[in-house]
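K.L.:
What follows is the file target.cif, containing mmCIF, C-alpha atoms and all ligand atoms:
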```
data_query
#
loop_
_atom_site.label_atom_id
_atom_site.label_comp_id
_atom_site.auth_asym_id
_atom_site.auth_seq_id
_atom_site.Cartn_x
_atom_site.Cartn_y
_atom_site.Cartn_z
CA MET A 1 25.88 -6.85 -7.89
CA SER A 2 29.07 -5.67 -9.56
CA PHE A 3 29.82 -2.09 -10.47
CA GLU A 4 32.97 -2.74 -12.52
CA ARG A 5 33.40 -0.34 -15.38
CA SER A 6 36.05 0.83 -17.77
CA VAL A 7 38.22 3.61 -16.38
CA SER A 8 38.74 5.14 -19.81
CA ALA A 9 35.09 5.25 -20.75
CA PRO A 10 32.92 5.37 -17.65
CA ASP A 11 29.28 4.73 -18.37
CA PRO A 12 27.19 6.81 -15.94
CA ARG A 13 24.44 4.25 -16.11
CA LEU A 14 26.68 1.69 -14.42
CA GLN A 15 27.46 3.69 -11.30
CA PRO A 16 25.86 2.76 -8.02
CA GLU A 17 23.15 5.11 -6.77
CA THR A 18 24.46 7.80 -4.45
CA VAL A 19 21.29 9.85 -3.90
CA TRP A 20 18.12 9.16 -2.01
CA GLY A 21 15.04 11.25 -1.40
CA ILE A 22 11.56 11.19 0.09
CA GLN A 23 8.39 12.46 -1.46
CA ILE A 24 5.25 12.46 0.66
CA PRO A 25 2.08 14.57 0.75
CA ARG A 26 1.34 17.17 3.43
CA ILE A 27 0.14 15.31 6.50
CA ARG A 28 -2.30 16.14 9.29
CA PHE A 29 -2.50 13.43 11.93
CA GLY A 30 -4.49 13.09 15.11
CA ARG A 31 -7.79 12.85 16.92
CA ASP A 32 -10.34 15.28 15.47
CA SER A 33 -7.90 16.42 12.77
CA VAL A 34 -10.93 16.34 10.45
CA GLU A 35 -11.74 19.74 11.96
CA GLU A 36 -8.74 21.05 10.00
CA LEU A 37 -9.83 19.60 6.64
CA ALA A 38 -11.36 22.81 5.33
CA GLY A 39 -8.27 24.82 6.28
CA LEU A 40 -6.10 22.26 4.53
CA LEU A 41 -8.17 22.59 1.37
CA ARG A 42 -7.88 26.38 1.55
CA ASP A 43 -4.09 26.01 1.81
CA LEU A 44 -4.21 23.90 -1.33
CA GLY A 45 -6.07 26.64 -3.20
CA ALA A 46 -9.78 25.89 -2.71
CA ASP A 47 -11.83 29.05 -3.42
CA GLU A 48 -14.39 30.57 -1.07
CA ASP A 49 -17.37 28.48 -2.25
CA ALA A 50 -15.48 25.59 -3.80
CA HIS A 51 -17.51 22.47 -4.55
CA GLY A 52 -15.78 19.10 -4.39
CA LEU A 53 -16.39 15.38 -4.74
CA LEU A 54 -16.17 12.99 -1.80
CA VAL A 55 -15.33 9.47 -3.03
CA THR A 56 -16.30 6.82 -0.47
CA ASP A 57 -18.40 3.71 0.20
CA ASP A 58 -21.91 3.37 1.59
CA THR A 59 -20.77 1.84 4.90
CA LEU A 60 -19.13 5.12 5.87
CA VAL A 61 -22.33 6.96 4.92
CA ASP A 62 -24.38 4.60 7.14
CA LEU A 63 -21.95 5.00 10.05
CA GLY A 64 -22.39 8.78 9.94
CA HIS A 65 -18.71 9.44 9.16
CA VAL A 66 -19.51 11.01 5.77
CA GLY A 67 -21.99 13.33 7.45
CA ARG A 68 -19.29 14.45 9.88
CA VAL A 69 -16.89 15.28 7.05
CA GLU A 70 -19.64 17.17 5.20
CA SER A 71 -20.56 19.26 8.22
CA GLU A 72 -16.90 20.13 8.89
CA LEU A 73 -16.65 21.42 5.31
CA GLU A 74 -19.97 23.30 5.49
CA ARG A 75 -18.83 25.19 8.59
CA ASP A 76 -16.24 26.80 6.35
CA GLY A 77 -18.43 27.37 3.27
CA LEU A 78 -17.21 24.33 1.32
CA SER A 79 -19.54 21.66 -0.09
CA VAL A 80 -19.28 18.24 -1.70
CA ASP A 81 -21.24 15.79 -3.81
CA VAL A 82 -20.91 12.27 -2.44
CA TYR A 83 -20.00 9.31 -4.66
CA ASP A 84 -20.45 6.24 -2.45
CA ASP A 85 -20.31 3.37 -4.95
CA CYS A 86 -16.69 2.37 -4.32
CA GLU A 87 -16.06 -1.36 -4.14
CA ARG A 88 -13.27 -3.31 -2.44
CA GLU A 89 -10.37 -4.12 -4.80
CA PRO A 90 -11.67 -1.74 -7.48
CA SER A 91 -11.68 -2.71 -11.15
CA VAL A 92 -11.02 -0.50 -14.14
CA ASP A 93 -14.79 -0.50 -14.72
CA ALA A 94 -15.42 0.75 -11.18
CA ALA A 95 -12.98 3.65 -11.65
CA GLU A 96 -14.64 4.47 -14.98
CA ALA A 97 -18.04 4.57 -13.28
CA CYS A 98 -16.76 7.22 -10.86
CA ILE A 99 -15.26 9.24 -13.73
CA GLU A 100 -18.55 8.94 -15.64
CA PHE A 101 -20.37 10.30 -12.58
CA VAL A 102 -18.10 13.35 -12.55
CA ARG A 103 -18.49 13.98 -16.29
CA ASP A 104 -22.28 13.72 -15.97
CA GLU A 105 -22.38 16.13 -13.04
CA ARG A 106 -19.68 18.62 -13.99
CA GLY A 107 -18.46 17.95 -17.53
CA GLU A 108 -14.77 17.67 -18.38
CA ALA A 109 -13.86 20.49 -15.97
CA GLY A 110 -14.70 18.22 -13.04
CA TYR A 111 -14.86 19.34 -9.41
CA ASP A 112 -12.89 22.04 -7.61
CA PHE A 113 -11.31 19.45 -5.29
CA TYR A 114 -11.45 15.72 -4.55
CA LEU A 115 -11.56 13.79 -1.30
CA GLY A 116 -10.95 10.05 -0.97
CA PHE A 117 -12.45 8.71 2.26
CA GLY A 118 -12.28 5.06 3.33
CA GLY A 119 -10.05 2.05 2.72
CA GLY A 120 -7.42 1.83 0.02
CA SER A 121 -10.06 1.17 -2.63
CA SER A 122 -11.89 4.47 -2.13
CA LEU A 123 -8.59 6.32 -1.95
CA ASP A 124 -7.32 4.67 -5.15
CA THR A 125 -10.61 5.39 -6.96
CA ALA A 126 -10.32 9.07 -6.01
CA LYS A 127 -6.67 9.15 -7.16
CA VAL A 128 -7.52 7.65 -10.56
CA ALA A 129 -10.60 9.83 -11.06
CA ARG A 130 -8.81 13.10 -10.42
CA VAL A 131 -5.85 12.43 -12.76
CA VAL A 132 -7.95 10.93 -15.56
CA LEU A 133 -10.26 13.96 -15.44
CA ALA A 134 -7.27 16.30 -15.58
CA ASN A 135 -5.50 14.45 -18.41
CA GLY A 136 -8.49 13.17 -20.42
CA GLY A 137 -9.33 9.72 -21.70
CA GLU A 138 -9.80 6.59 -19.62
CA PRO A 139 -7.90 4.81 -16.81
CA LEU A 140 -6.39 2.19 -19.15
CA ASP A 141 -4.69 4.97 -21.15
CA TYR A 142 -2.38 5.45 -18.16
CA VAL A 143 -1.76 1.82 -17.19
CA ALA A 144 1.66 0.58 -18.34
CA GLU A 145 1.90 -1.36 -21.60
CA PRO A 146 1.04 -4.02 -22.64
CA THR A 147 -2.13 -4.00 -20.48
CA GLY A 148 -2.73 -0.28 -21.05
CA GLU A 149 -1.48 2.43 -23.37
CA GLY A 150 1.30 3.68 -21.07
CA GLU A 151 0.52 7.35 -21.72
CA ARG A 152 2.24 9.89 -19.48
CA ILE A 153 0.28 11.78 -16.83
CA THR A 154 1.32 15.39 -17.17
CA ASP A 155 -1.23 17.15 -14.95
CA SER A 156 -2.08 16.31 -11.33
CA GLY A 157 -5.43 18.11 -11.56
CA ALA A 158 -7.52 19.68 -8.80
CA PRO A 159 -6.41 19.35 -5.14
CA LEU A 160 -6.81 15.87 -3.66
CA VAL A 161 -6.91 15.06 0.06
CA LEU A 162 -7.09 11.45 1.25
CA LEU A 163 -8.61 10.39 4.58
CA PRO A 164 -7.90 6.71 5.34
CA THR A 165 -10.31 4.88 7.66
CA THR A 166 -8.26 1.68 7.78
CA ALA A 167 -4.73 1.44 9.13
CA GLY A 168 -3.15 -0.48 6.32
CA THR A 169 -2.85 0.23 2.65
CA GLY A 170 -0.74 3.38 2.72
CA SER A 171 -2.53 4.61 -0.38
CA GLU A 172 -2.83 8.02 1.28
CA ILE A 173 0.87 8.70 0.72
CA SER A 174 1.76 6.52 -2.29
CA PRO A 175 2.07 7.59 -5.94
CA VAL A 176 0.29 4.44 -7.11
CA ALA A 177 -3.34 3.42 -7.61
CA ILE A 178 -4.08 -0.29 -8.05
CA LEU A 179 -6.89 -1.45 -10.35
CA SER A 180 -7.89 -4.96 -11.36
CA VAL A 181 -8.27 -5.60 -15.06
CA GLU A 182 -10.99 -8.22 -15.01
CA ASP A 183 -10.79 -9.73 -18.50
CA GLN A 184 -7.03 -10.22 -18.12
CA GLU A 185 -7.06 -11.57 -14.54
CA THR A 186 -4.43 -9.08 -13.53
CA LYS A 187 -3.96 -6.12 -11.25
CA GLU A 188 -2.15 -3.10 -12.52
CA GLY A 189 -0.87 0.07 -10.95
CA ILE A 190 -1.21 3.53 -12.36
CA SER A 191 2.05 4.88 -11.06
CA ASP A 192 3.20 8.48 -11.41
CA GLU A 193 4.21 11.34 -9.15
CA ASN A 194 1.05 13.17 -10.31
CA VAL A 195 -1.11 10.36 -8.89
CA ARG A 196 0.07 11.12 -5.36
CA ALA A 197 -2.40 13.11 -3.24
CA ASP A 198 -1.61 16.67 -2.19
CA ALA A 199 -2.40 15.91 1.43
CA ALA A 200 -3.32 13.06 3.76
CA LEU A 201 -5.50 13.64 6.80
CA LEU A 202 -5.44 10.79 9.32
CA ASP A 203 -8.04 10.99 12.06
CA PRO A 204 -8.11 7.86 14.26
CA THR A 205 -11.69 8.58 15.41
CA PHE A 206 -12.83 7.27 12.01
CA THR A 207 -11.06 3.92 12.54
CA THR A 208 -12.78 2.76 15.74
CA THR A 209 -15.72 1.35 13.76
CA LEU A 210 -13.54 -0.94 11.65
CA PRO A 211 -14.57 -4.58 12.35
CA PRO A 212 -12.00 -7.04 13.82
CA GLU A 213 -11.36 -8.97 10.56
CA LEU A 214 -10.65 -5.80 8.59
CA THR A 215 -8.53 -4.41 11.41
CA ALA A 216 -6.40 -7.56 11.40
CA GLU A 217 -6.10 -7.77 7.61
CA THR A 218 -5.13 -4.16 7.10
CA ALA A 219 -2.66 -4.35 9.99
CA MET A 220 -0.93 -7.31 8.33
CA ASP A 221 -0.68 -5.33 5.09
CA ALA A 222 0.85 -2.41 6.98
CA LEU A 223 3.27 -4.75 8.77
CA GLY A 224 4.16 -6.20 5.36
CA HIS A 225 5.06 -2.75 4.02
CA ALA A 226 7.23 -2.03 7.05
CA ILE A 227 9.07 -5.38 6.99
CA GLU A 228 9.43 -5.57 3.21
CA GLY A 229 10.80 -2.02 3.27
CA TYR A 230 13.24 -2.89 6.06
CA THR A 231 14.60 -5.98 4.34
CA THR A 232 14.82 -4.86 0.71
CA HIS A 233 17.99 -3.70 -1.08
CA ARG A 234 19.76 -0.60 0.10
CA PHE A 235 19.33 2.31 -2.30
CA ASP A 236 23.03 2.17 -3.23
CA ALA A 237 22.77 -1.46 -4.30
CA LEU A 238 20.75 -0.20 -7.26
CA LEU A 239 22.16 1.75 -10.19
CA ARG A 240 22.09 5.52 -10.52
CA PRO A 241 19.88 6.63 -13.41
CA SER A 242 21.44 9.02 -15.92
CA ASP A 243 18.30 11.17 -15.59
CA PRO A 244 17.07 11.65 -11.99
CA ALA A 245 13.52 11.94 -13.33
CA THR A 246 13.67 8.26 -14.25
CA ARG A 247 14.66 7.13 -10.74
CA PRO A 248 12.24 4.28 -9.91
CA VAL A 249 9.36 4.79 -7.48
CA TYR A 250 10.71 1.89 -5.39
CA ALA A 251 14.28 3.04 -4.88
CA GLY A 252 15.58 0.81 -2.06
CA ARG A 253 15.89 1.34 1.68
CA THR A 254 17.57 4.45 3.06
CA PRO A 255 18.52 5.65 6.56
CA LEU A 256 15.18 7.48 6.65
CA THR A 257 13.00 4.55 5.56
CA GLU A 258 14.78 2.24 8.02
CA MET A 259 13.89 4.58 10.87
CA PHE A 260 10.24 4.60 9.81
CA SER A 261 10.19 0.81 9.38
CA GLU A 262 11.55 0.20 12.86
CA LYS A 263 8.96 2.43 14.51
CA ALA A 264 6.17 1.02 12.33
CA ILE A 265 6.91 -2.63 13.14
CA THR A 266 7.03 -1.90 16.88
CA LEU A 267 3.83 0.18 16.89
CA LEU A 268 1.84 -2.29 14.79
CA ALA A 269 3.02 -5.48 16.51
CA SER A 270 2.45 -4.12 20.02
CA ASN A 271 -1.01 -2.62 19.38
CA VAL A 272 -2.74 -4.91 16.90
CA ARG A 273 -4.07 -7.36 19.53
CA THR A 274 -5.78 -4.52 21.42
CA ALA A 275 -7.12 -2.88 18.24
CA VAL A 276 -8.65 -6.18 17.06
CA ASN A 277 -10.10 -7.18 20.42
CA ASN A 278 -11.16 -3.76 21.64
CA GLY A 279 -11.88 -1.60 18.64
CA ASP A 280 -12.99 1.38 20.73
CA ASP A 281 -9.54 1.80 22.27
CA LEU A 282 -8.63 5.10 20.66
CA GLU A 283 -5.05 4.97 21.89
CA ALA A 284 -4.44 1.62 20.20
CA ARG A 285 -6.27 2.80 17.07
CA SER A 286 -4.14 5.91 16.95
CA ALA A 287 -0.96 3.84 17.32
CA MET A 288 -2.12 1.56 14.51
CA LEU A 289 -2.90 4.46 12.18
CA GLN A 290 0.49 5.96 12.95
CA GLY A 291 2.21 2.60 12.46
CA ALA A 292 0.48 2.12 9.12
CA LEU A 293 1.50 5.61 8.01
CA PHE A 294 5.13 5.02 9.02
CA GLY A 295 5.09 1.58 7.37
CA ALA A 296 3.84 3.12 4.16
CA ILE A 297 6.42 5.91 4.22
CA ALA A 298 9.09 3.24 4.62
CA GLY A 299 7.84 0.40 2.49
CA LEU A 300 6.27 2.35 -0.34
CA THR A 301 9.46 4.40 -0.75
CA ALA A 302 11.98 1.58 -0.32
CA GLY A 303 9.81 -0.90 -2.18
CA ALA A 304 7.35 -3.68 -1.50
CA SER A 305 8.69 -6.98 -2.72
CA LEU A 306 7.98 -10.72 -2.89
CA ALA A 307 4.81 -11.01 -0.77
CA HIS A 308 3.18 -8.14 -2.64
CA ALA A 309 4.27 -9.55 -6.01
CA MET A 310 2.73 -12.93 -5.13
CA ALA A 311 -0.45 -11.36 -3.74
CA TYR A 312 -1.65 -9.77 -6.97
CA PRO A 313 -2.19 -12.97 -9.02
CA VAL A 314 -3.89 -14.59 -5.99
CA GLY A 315 -6.25 -11.62 -5.58
CA ASN A 316 -7.17 -11.59 -9.24
CA ARG A 317 -7.76 -15.26 -9.74
CA PHE A 318 -9.42 -16.03 -6.40
CA HIS A 319 -10.94 -12.63 -5.56
CA THR A 320 -9.29 -12.45 -2.16
CA TYR A 321 -8.70 -9.14 -0.42
CA HIS A 322 -5.25 -7.57 -0.40
CA GLY A 323 -4.63 -7.53 3.36
CA GLU A 324 -5.65 -11.14 4.06
CA THR A 325 -3.59 -12.27 1.07
CA ILE A 326 -0.48 -10.48 2.33
CA ALA A 327 -1.13 -11.99 5.78
CA VAL A 328 -1.05 -15.58 4.53
CA LEU A 329 1.85 -15.06 2.11
CA THR A 330 4.26 -13.15 4.37
CA PRO A 331 5.54 -16.07 6.53
CA ALA A 332 6.78 -18.15 3.56
CA SER A 333 7.97 -15.25 1.40
CA THR A 334 9.25 -12.16 3.23
CA LEU A 335 9.99 -14.06 6.45
CA GLY A 336 10.86 -17.40 4.82
CA TYR A 337 12.48 -17.37 1.40
CA ASN A 338 14.00 -13.90 1.81
CA VAL A 339 15.67 -14.57 5.18
CA ALA A 340 18.79 -15.99 3.50
CA SER A 341 19.42 -12.58 1.88
CA ASP A 342 20.57 -11.08 5.20
CA PRO A 343 19.88 -13.16 8.35
CA GLU A 344 21.15 -10.45 10.74
CA ARG A 345 18.45 -8.06 9.52
CA PHE A 346 15.78 -10.65 10.16
CA VAL A 347 17.05 -11.10 13.73
CA GLU A 348 16.35 -7.38 14.16
CA VAL A 349 12.87 -7.86 12.66
CA ALA A 350 12.20 -10.74 15.08
CA GLU A 351 13.07 -8.51 18.01
CA MET A 352 10.96 -5.61 16.73
CA LEU A 353 8.03 -8.03 16.43
CA GLY A 354 8.50 -8.88 20.10
CA ALA A 355 10.47 -12.15 20.00
CA ASP A 356 13.13 -12.87 22.61
CA THR A 357 16.16 -14.10 20.66
CA SER A 358 18.70 -14.04 23.46
CA GLY A 359 21.07 -17.00 23.39
CA MET A 360 20.04 -18.07 19.90
CA SER A 361 22.38 -18.45 16.93
CA THR A 362 21.85 -15.92 14.12
CA ARG A 363 20.19 -18.52 11.92
CA VAL A 364 17.72 -19.65 14.58
CA ALA A 365 17.04 -16.08 15.74
CA ALA A 366 16.35 -14.97 12.14
CA GLU A 367 13.75 -17.71 11.83
CA GLU A 368 12.05 -16.36 14.96
CA ALA A 369 10.74 -13.45 12.86
CA ARG A 370 8.51 -15.87 10.98
CA ALA A 371 7.53 -17.76 14.13
CA GLU A 372 6.63 -14.54 15.96
CA TYR A 373 4.61 -13.22 13.02
CA VAL A 374 2.63 -16.46 12.81
CA ARG A 375 2.05 -16.41 16.60
CA LEU A 376 0.65 -12.91 16.22
CA GLN A 377 -1.64 -13.97 13.38
CA ARG A 378 -2.95 -16.96 15.31
CA ASP A 379 -3.56 -14.84 18.40
CA LEU A 380 -5.75 -12.45 16.44
CA GLY A 381 -8.13 -15.34 15.82
CA VAL A 382 -9.71 -13.88 12.69
CA LEU A 383 -7.16 -14.59 9.97
CA PRO A 384 -6.99 -17.68 7.72
CA SER A 385 -4.13 -20.14 8.32
CA GLY A 386 -2.94 -20.15 4.73
CA LEU A 387 -3.94 -20.01 1.06
CA THR A 388 -6.04 -23.17 1.37
CA GLU A 389 -8.22 -21.82 4.14
CA LEU A 390 -8.26 -18.39 2.46
CA ALA A 391 -9.65 -19.48 -0.90
CA GLY A 392 -9.43 -23.26 -1.32
CA ILE A 393 -6.10 -22.93 -3.14
CA ASP A 394 -4.14 -26.21 -3.43
CA GLU A 395 -1.00 -27.67 -5.07
CA ASP A 396 -2.70 -27.71 -8.47
CA ASP A 397 -2.93 -23.92 -8.48
CA THR A 398 0.58 -22.94 -7.43
CA GLU A 399 2.30 -23.57 -10.77
CA TRP A 400 -0.04 -21.10 -12.50
CA LEU A 401 0.27 -18.59 -9.65
CA ALA A 402 4.08 -18.74 -9.81
CA GLU A 403 4.04 -18.27 -13.57
CA ARG A 404 1.76 -15.23 -13.34
CA THR A 405 3.85 -13.72 -10.52
CA VAL A 406 7.10 -13.95 -12.49
CA GLU A 407 5.48 -12.77 -15.73
CA SER A 408 3.52 -9.82 -14.40
CA GLN A 409 5.28 -8.53 -11.29
CA GLN A 410 8.80 -7.58 -12.39
CA ARG A 411 8.24 -4.07 -10.98
CA LEU A 412 8.24 -5.59 -7.47
CA LEU A 413 10.50 -8.58 -8.03
CA ARG A 414 13.25 -6.33 -9.32
CA VAL A 415 13.78 -5.02 -5.78
CA ASN A 416 13.34 -8.33 -3.96
CA PRO A 417 16.47 -8.83 -1.85
CA ARG A 418 16.89 -12.44 -3.01
CA PRO A 419 16.60 -13.37 -6.69
CA VAL A 420 13.61 -15.56 -7.55
CA THR A 421 12.78 -18.02 -10.31
CA LYS A 422 9.44 -19.53 -11.22
CA GLU A 423 10.47 -22.67 -9.31
CA THR A 424 11.36 -20.84 -6.10
CA VAL A 425 8.15 -18.81 -6.25
CA LYS A 426 6.15 -22.02 -6.72
CA ALA A 427 7.86 -23.59 -3.70
CA THR A 428 7.02 -20.46 -1.68
CA PHE A 429 3.35 -20.66 -2.74
CA ASP A 430 3.33 -24.35 -1.74
CA GLU A 431 4.64 -23.44 1.72
CA ALA A 432 2.00 -20.72 2.08
CA LEU A 433 -0.88 -23.18 1.60
CA SER A 434 -0.85 -23.63 5.38
CA ASN A 435 1.07 -21.63 7.96
CA TRP A 436 -0.23 -23.60 10.93
CA GLY A 437 -2.68 -26.27 11.99
FE FE B 1 0.03 -3.63 0.56
#
```
So, in terms of structure tokens, how does the structure I just supplied come out?
P.N.:
Amino acid sequence: MSFERSVSAPDPRLQPETVWGIQIPRIRFGRDSVEELAGLLRDLGADEDAHGLLVTDDTLVDLGHVGRVESELERDGLSVDVYDDCEREPSVDAAEACIEFVRDERGEAGYDFYLGFGGGSSLDTAKVARVVLANGGEPLDYVAEPTGEGERITDSGAPLVLLPTTAGTGSEISPVAILSVEDQETKEGISDENVRADAALLDPTFTTTLPPELTAETAMDALGHAIEGYTTHRFDALLRPSDPATRPVYAGRTPLTEMFSEKAITLLASNVRTAVNNGDDLEARSAMLQGALFGAIAGLTAGASLAHAMAYPVGNRFHTYHGETIAVLTPASTLGYNVASDPERFVEVAEMLGADTSGMSTRVAAEEARAEYVRLQRDLGVLPSGLTELAGIDEDDTEWLAERTVESQQRLLRVNPRPVTKETVKATFDEALSNWG
């Protein structure tokens, strides 16, 4: 990228970025941190007998986790209604159903506070519900044009605390909620600083019941955030906006995000085998939850890139889940196509993943990142080998998938460290049909 500009008439829009920042919610992390939920809500302004909404899914009700959250709140005089109809990969309709529930129960004023409890889908549903109730209208009003109306969100609404029970999506700290728009076969983000939760409470005791497949999938998503964040553009390779308020959500990697990426990759890669094979191991679960949090702080600040861009059209068309889709796409995209952007960085990634690259040339060592990632996936024994095993996807589908990726995912592709074309994305999809076997 060139920053040449006229000396006599400098255009501020053409200067490289010189500023970076970090914006994350308040965080409480640790075993039994749920005991501090009520205090956290008080800090955020919940009144003496405040009544909130807990947005979750019925599995967490059946497991008794919802009951534990409720009793922690009741000990301090707080209460909640429970909305447990959240679905995986929520649609606009599903978010509307939750908003409808609130309007039926409480009118436009809504609840005094909101809790999202579960995987990324429950957290995203809670995020959308609270801002739509505060700003009026429907979710699509706030989705970017042309899919939605692109209206601005001006009010964050009542306090929102998110409690993830998977170690993966990073929704608990991100300013984005992802919804699928079924009639358009697309996934869209509602993205605004007001969408971000006020606090995230991460208690690993809620993650020990996560089954092996979900543990593996969400770990691969978290690893994707950490690696994509580590290998994307530096913040100063992007341009400085004339108005800081228009600085993009994904603003490139910074010294701070790099630090979080490094720790995240190490924590996730060295604990995922234990977490998948021995779910009750609280130490491994805690390391995974911490790794996922660090990966999200890094990747969802610096910017997710090619694998995430490619994953959305796959998820929409073939109804695959986000984590398993990222898992099968990462070897060919982030750790394949993108390696040429900066091989030395990928050598570092290989080593963080646990590969021994001593004595190898830079080129060969950089390719070890992909090999090590695939070894990890195979070891877990519960992940599909590629797009074909995932959803029966074959060569006839990849042209369409590449077209949709390039058309609909410029938000992510803009920060990919290596420029892409429809042809290169198609070739990457073709490679991802099978990663082994
Ligand atoms: Fe993700």
K.L.:
Grab all the atoms of region 426-432 of chain A that the file lists, wrap them in a box along x, y and z, add 3 Å per side, and give me centre plus edge lengths in Å (one decimal) as AutoDock Vina command-line options.
P.N.:
```
--center_x 4.9 --center_y -22.4 --center_z -2.3 --size_x 11.9 --size_y 9.9 --size_z 14.8
```
K.L.:
Would you mind listing the residues within 8 Å of ligand FE 1 (chain B), counting all atoms listed in the file, as a PyMOL selection string?
P.N.:
chain A and resi 168-170+221-222+224-225+304+308+322-323+326
K.L.:
Point out the residue among A:Leu160, A:Met352, A:Thr325, A:Ser270 with the least atom-to-atom distance to Arg26 (chain A), counting only C-alpha atoms.
P.N.:
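That would be A:Leu160, the residue with the smallest distance to Arg26 (chain A).
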K.L.:
May I ask for the distance between CA of Leu73 (chain A) and CA of Asp203 (chain A), given in Å to one decimal place?
P.N.:
15.1 Å
K.L.:
Quick one: distance from CA of Gly77 (chain A) to CA of Gly52 (chain A) in Å, one decimal?
P.N.:
11.6 Å
K.L.:
I need every residue sitting at most 7 Å from the point (24.9, 1.8, -9.3) (coordinates as in the file, only C-alpha atoms considered), written as a PyMOL selection string.
P.N.:
chain A and resi 3+14-17+236-240
K.L.:
Could you pull the residues within 12 Å of Leu387 (chain A), counting only C-alpha atoms, minus those fewer than 2 positions along the same chain, as a PDB file with C-alpha atoms, in the frame of the given file?
P.N.:
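Result file follows (selection28.pdb):
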```
ATOM      1  CA  MET A 310       2.730 -12.930  -5.130  1.00  0.00           C
ATOM      2  CA  ALA A 311      -0.450 -11.360  -3.740  1.00  0.00           C
ATOM      3  CA  VAL A 314      -3.890 -14.590  -5.990  1.00  0.00           C
ATOM      4  CA  GLY A 315      -6.250 -11.620  -5.580  1.00  0.00           C
ATOM      5  CA  PHE A 318      -9.420 -16.030  -6.400  1.00  0.00           C
ATOM      6  CA  THR A 320      -9.290 -12.450  -2.160  1.00  0.00           C
ATOM      7  CA  TYR A 321      -8.700  -9.140  -0.420  1.00  0.00           C
ATOM      8  CA  GLU A 324      -5.650 -11.140   4.060  1.00  0.00           C
ATOM      9  CA  THR A 325      -3.590 -12.270   1.070  1.00  0.00           C
ATOM     10  CA  ILE A 326      -0.480 -10.480   2.330  1.00  0.00           C
ATOM     11  CA  ALA A 327      -1.130 -11.990   5.780  1.00  0.00           C
ATOM     12  CA  VAL A 328      -1.050 -15.580   4.530  1.00  0.00           C
ATOM     13  CA  LEU A 329       1.850 -15.060   2.110  1.00  0.00           C
ATOM     14  CA  THR A 330       4.260 -13.150   4.370  1.00  0.00           C
ATOM     15  CA  PRO A 331       5.540 -16.070   6.530  1.00  0.00           C
ATOM     16  CA  ALA A 332       6.780 -18.150   3.560  1.00  0.00           C
ATOM     17  CA  LEU A 383      -7.160 -14.590   9.970  1.00  0.00           C
ATOM     18  CA  PRO A 384      -6.990 -17.680   7.720  1.00  0.00           C
ATOM     19  CA  SER A 385      -4.130 -20.140   8.320  1.00  0.00           C
ATOM     20  CA  GLU A 389      -8.220 -21.820   4.140  1.00  0.00           C
ATOM     21  CA  LEU A 390      -8.260 -18.390   2.460  1.00  0.00           C
ATOM     22  CA  ALA A 391      -9.650 -19.480  -0.900  1.00  0.00           C
ATOM     23  CA  GLY A 392      -9.430 -23.260  -1.320  1.00  0.00           C
ATOM     24  CA  ILE A 393      -6.100 -22.930  -3.140  1.00  0.00           C
ATOM     25  CA  ASP A 394      -4.140 -26.210  -3.430  1.00  0.00           C
ATOM     26  CA  GLU A 395      -1.000 -27.670  -5.070  1.00  0.00           C
ATOM     27  CA  ASP A 397      -2.930 -23.920  -8.480  1.00  0.00           C
ATOM     28  CA  THR A 398       0.580 -22.940  -7.430  1.00  0.00           C
ATOM     29  CA  LEU A 401       0.270 -18.590  -9.650  1.00  0.00           C
ATOM     30  CA  THR A 428       7.020 -20.460  -1.680  1.00  0.00           C
ATOM     31  CA  PHE A 429       3.350 -20.660  -2.740  1.00  0.00           C
ATOM     32  CA  ASP A 430       3.330 -24.350  -1.740  1.00  0.00           C
ATOM     33  CA  GLU A 431       4.640 -23.440   1.720  1.00  0.00           C
ATOM     34  CA  ALA A 432       2.000 -20.720   2.080  1.00  0.00           C
ATOM     35  CA  LEU A 433      -0.880 -23.180   1.600  1.00  0.00           C
ATOM     36  CA  SER A 434      -0.850 -23.630   5.380  1.00  0.00           C
ATOM     37  CA  ASN A 435       1.070 -21.630   7.960  1.00  0.00           C
ATOM     38  CA  TRP A 436      -0.230 -23.600  10.930  1.00  0.00           C
TER      39      TRP A 436
END
```
K.L.:
With 6 Å as the cut-off and all atoms listed in the file counted, what is the closest atom pair between each nearby residue of region 144-235 of chain A and region 121-137 of chain A? Distances in Å to one decimal, ordered by chain and number, as a Markdown table.
P.N.:
```
| residue | atom | partner | partner_atom | distance |
| --- | --- | --- | --- | --- |
| A:Ser156 | CA | A:Val131 | CA | 5.6 |
| A:Gly157 | CA | A:Ala134 | CA | 4.8 |
| A:Ala177 | CA | A:Asp124 | CA | 4.8 |
| A:Val195 | CA | A:Lys127 | CA | 5.9 |
```
K.L.:
Could the residues in this selection be written to a file with C-alpha atoms, as a compact mmCIF listing (two decimals), keeping the file's coordinate frame?
P.N.:
```txt
# COMPACT_ATOMS: atom_id res chain seq x y z
CA SER A 156 -2.08 16.31 -11.33
CA GLY A 157 -5.43 18.11 -11.56
CA ALA A 177 -3.34 3.42 -7.61
CA VAL A 195 -1.11 10.36 -8.89
```
K.L.:
At a cut-off of 9 Å from (-9.1, -4.8, 17.8) in the coordinates of the file, what residues are picked up using all atoms listed in the file, written as a PyMOL selection string?
P.N.:
chain A and resi 208+210-213+215-216+271-281+284-285+380
K.L.:
What gap, in Å, lies between CA of Ile24 (chain A) and CA of Val102 (chain A)?
P.N.:
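Computing the Euclidean distance for CA of Ile24 (chain A) and CA of Val102 (chain A) yields 26.8 Å.
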K.L.:
Could you check which of A:Pro255, A:Ala298, A:Leu78, A:Ala340 is closest to Leu40 (chain A), using all atoms listed in the file?
P.N.:
A:Leu78
